[in-house]
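Below is one structure, written out as structure tokens, with a few remarks after it.
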Amino acid sequence: MGFDDYKVVLYRNQPDGWVAEIPAIPGCHALMPTREDALVELAAVFRLISEEYAERDETLPSDTTEIVHA
């Protein structure tokens, strides 16, 4: 599975910054000053986590995230 196969949650972290995360993957989140930076950093974090899973010969978790109210 690749980055685009997962739902990304993006929200404002008060008072400054943005959080981007993939809820389906533990530890896959980024906190940055802008939403764009948070998304770029999240992609980098996803790549690192994906590589760790591959090294352990494990598959990434399935995305079970549901958006109920957006």
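In the structure tokens, each chain is lettered A, B, ... as it comes, each chain's residues begin at 1, and ligands are numbered from 1 in order of appearance.
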Leaving out range 52-61 of chain A and any residue of its chain fewer than 2 positions from it, which residues lie within 8 Å of it when counting only C-alpha atoms, given as a PDB file with all heavy atoms, in the first residue's frame?
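Listing of selection.pdb after writing:
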```
ATOM      1  N   MET A   1       0.847  -1.178   0.000  1.00  0.00           N
ATOM      2  CA  MET A   1       0.000   0.000   0.000  1.00  0.00           C
ATOM      3  C   MET A   1       0.892   1.241   0.000  1.00  0.00           C
ATOM      4  O   MET A   1       1.941   1.270   0.616  1.00  0.00           O
ATOM      5  CB  MET A   1      -0.915   0.016   1.218  1.00  0.00           C
ATOM      6  CG  MET A   1      -1.920  -1.117   1.225  1.00  0.00           C
ATOM      7  SD  MET A   1      -3.150  -0.958   2.530  1.00  0.00           S
ATOM      8  CE  MET A   1      -4.199   0.276   1.838  1.00  0.00           C
ATOM      9  N   ALA A  24      -4.618   5.279  10.581  1.00  0.00           N
ATOM     10  CA  ALA A  24      -4.518   3.825  10.471  1.00  0.00           C
ATOM     11  C   ALA A  24      -3.132   3.293  10.829  1.00  0.00           C
ATOM     12  O   ALA A  24      -2.981   2.107  11.104  1.00  0.00           O
ATOM     13  CB  ALA A  24      -4.889   3.388   9.056  1.00  0.00           C
ATOM     14  N   ILE A  25      -2.120   4.179  10.828  1.00  0.00           N
ATOM     15  CA  ILE A  25      -0.747   3.740  11.082  1.00  0.00           C
ATOM     16  C   ILE A  25      -0.236   4.406  12.356  1.00  0.00           C
ATOM     17  O   ILE A  25      -0.037   5.625  12.383  1.00  0.00           O
ATOM     18  CB  ILE A  25       0.168   4.089   9.894  1.00  0.00           C
ATOM     19  CG1 ILE A  25      -0.365   3.454   8.608  1.00  0.00           C
ATOM     20  CG2 ILE A  25       1.595   3.634  10.172  1.00  0.00           C
ATOM     21  CD1 ILE A  25       0.403   3.854   7.368  1.00  0.00           C
ATOM     22  N   LEU A  48       9.401   6.417   5.819  1.00  0.00           N
ATOM     23  CA  LEU A  48      10.246   5.767   6.833  1.00  0.00           C
ATOM     24  C   LEU A  48       9.527   4.593   7.474  1.00  0.00           C
ATOM     25  O   LEU A  48      10.107   3.515   7.645  1.00  0.00           O
ATOM     26  CB  LEU A  48      10.647   6.785   7.905  1.00  0.00           C
ATOM     27  CG  LEU A  48      11.636   7.859   7.485  1.00  0.00           C
ATOM     28  CD1 LEU A  48      11.800   8.891   8.602  1.00  0.00           C
ATOM     29  CD2 LEU A  48      12.977   7.239   7.130  1.00  0.00           C
ATOM     30  N   ILE A  49       8.275   4.792   7.851  1.00  0.00           N
ATOM     31  CA  ILE A  49       7.515   3.716   8.480  1.00  0.00           C
ATOM     32  C   ILE A  49       7.314   2.573   7.497  1.00  0.00           C
ATOM     33  O   ILE A  49       7.450   1.393   7.857  1.00  0.00           O
ATOM     34  CB  ILE A  49       6.173   4.245   9.022  1.00  0.00           C
ATOM     35  CG1 ILE A  49       6.431   5.159  10.225  1.00  0.00           C
ATOM     36  CG2 ILE A  49       5.238   3.095   9.404  1.00  0.00           C
ATOM     37  CD1 ILE A  49       5.201   5.867  10.761  1.00  0.00           C
ATOM     38  N   SER A  50       7.025   2.884   6.256  1.00  0.00           N
ATOM     39  CA  SER A  50       6.834   1.869   5.227  1.00  0.00           C
ATOM     40  C   SER A  50       8.105   1.033   5.058  1.00  0.00           C
ATOM     41  O   SER A  50       8.043  -0.198   4.933  1.00  0.00           O
ATOM     42  CB  SER A  50       6.456   2.541   3.912  1.00  0.00           C
ATOM     43  OG  SER A  50       6.244   1.597   2.912  1.00  0.00           O
ATOM     44  N   ASP A  63      -6.324   0.625   5.901  1.00  0.00           N
ATOM     45  CA  ASP A  63      -6.952   1.870   6.320  1.00  0.00           C
ATOM     46  C   ASP A  63      -8.409   1.593   6.662  1.00  0.00           C
ATOM     47  O   ASP A  63      -9.215   1.280   5.801  1.00  0.00           O
ATOM     48  CB  ASP A  63      -6.859   2.921   5.224  1.00  0.00           C
ATOM     49  CG  ASP A  63      -7.290   4.292   5.702  1.00  0.00           C
ATOM     50  OD1 ASP A  63      -7.793   4.415   6.835  1.00  0.00           O
ATOM     51  OD2 ASP A  63      -7.127   5.259   4.945  1.00  0.00           O
TER      52      ASP A  63
END
```
For this session: Step one, run DSSP on the backbone; step two, keep only residues of chain A assigned to helix (DSSP H, G or I); then write them as a ChimeraX atom specification.
Result: /A:3-5,35-55
With C-alpha atoms retained, write the just-selected residues as a PDB file, in the first residue's frame.
```pdb
ATOM      1  CA  PHE A   3       0.667   6.925   0.774  1.00  0.00           C
ATOM      2  CA  ASP A   4      -2.285   7.670  -1.516  1.00  0.00           C
ATOM      3  CA  ASP A   5      -4.109   4.556  -0.282  1.00  0.00           C
ATOM      4  CA  ARG A  35      -0.429  22.774   6.388  1.00  0.00           C
ATOM      5  CA  GLU A  36       1.738  22.288   3.294  1.00  0.00           C
ATOM      6  CA  ASP A  37       4.823  21.559   5.393  1.00  0.00           C
ATOM      7  CA  ALA A  38       2.835  19.136   7.553  1.00  0.00           C
ATOM      8  CA  LEU A  39       1.703  17.187   4.487  1.00  0.00           C
ATOM      9  CA  VAL A  40       5.233  17.052   3.040  1.00  0.00           C
ATOM     10  CA  GLU A  41       6.637  15.889   6.384  1.00  0.00           C
ATOM     11  CA  LEU A  42       3.852  13.319   6.746  1.00  0.00           C
ATOM     12  CA  ALA A  43       4.816  11.815   3.382  1.00  0.00           C
ATOM     13  CA  ALA A  44       8.432  11.537   4.596  1.00  0.00           C
ATOM     14  CA  VAL A  45       7.330   9.908   7.861  1.00  0.00           C
ATOM     15  CA  PHE A  46       5.139   7.495   5.903  1.00  0.00           C
ATOM     16  CA  ARG A  47       8.132   6.478   3.741  1.00  0.00           C
ATOM     17  CA  LEU A  48      10.246   5.767   6.833  1.00  0.00           C
ATOM     18  CA  ILE A  49       7.515   3.716   8.480  1.00  0.00           C
ATOM     19  CA  SER A  50       6.834   1.869   5.227  1.00  0.00           C
ATOM     20  CA  GLU A  51      10.533   0.980   4.946  1.00  0.00           C
ATOM     21  CA  GLU A  52      10.554  -0.306   8.543  1.00  0.00           C
ATOM     22  CA  TYR A  53       7.566  -2.544   7.826  1.00  0.00           C
ATOM     23  CA  ALA A  54       9.256  -3.848   4.657  1.00  0.00           C
ATOM     24  CA  GLU A  55      12.483  -4.609   6.560  1.00  0.00           C
TER      25      GLU A  55
END
```
Exercise. Where in chain A does DSSP assign strand (DSSP E), given as an MDAnalysis selection string?
Worked result: chainID A and resid 9:12 18:21 29:32
Export C-alpha atoms of the chosen residues as a JSON list (two decimals), in the first residue's frame?
```
[["chain", "number", "residue", "atom", "x", "y", "z"],
["A", 9, "VAL", "CA", -6.44, 13.89, 8.69],
["A", 10, "LEU", "CA", -5.24, 17.48, 8.77],
["A", 11, "TYR", "CA", -6.09, 19.87, 11.58],
["A", 12, "ARG", "CA", -4.93, 23.08, 13.19],
["A", 18, "TRP", "CA", -0.75, 22.06, 11.72],
["A", 19, "VAL", "CA", -0.97, 18.35, 12.40],
["A", 20, "ALA", "CA", -1.20, 15.84, 9.57],
["A", 21, "GLU", "CA", -1.69, 12.18, 10.38],
["A", 29, "HIS", "CA", 1.96, 12.01, 12.07],
["A", 30, "ALA", "CA", 3.70, 15.34, 11.57],
["A", 31, "LEU", "CA", 3.46, 18.73, 13.28],
["A", 32, "MET", "CA", 4.68, 21.69, 11.23]]
```
For this session: One decimal, Å: what's the distance from CA of Gly17 in chain A over to CA of Ser62 in chain A, could you say?
Result: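 Interatomic distance, CA of Gly17 in chain A to CA of Ser62 in chain A: 28.1 Å.
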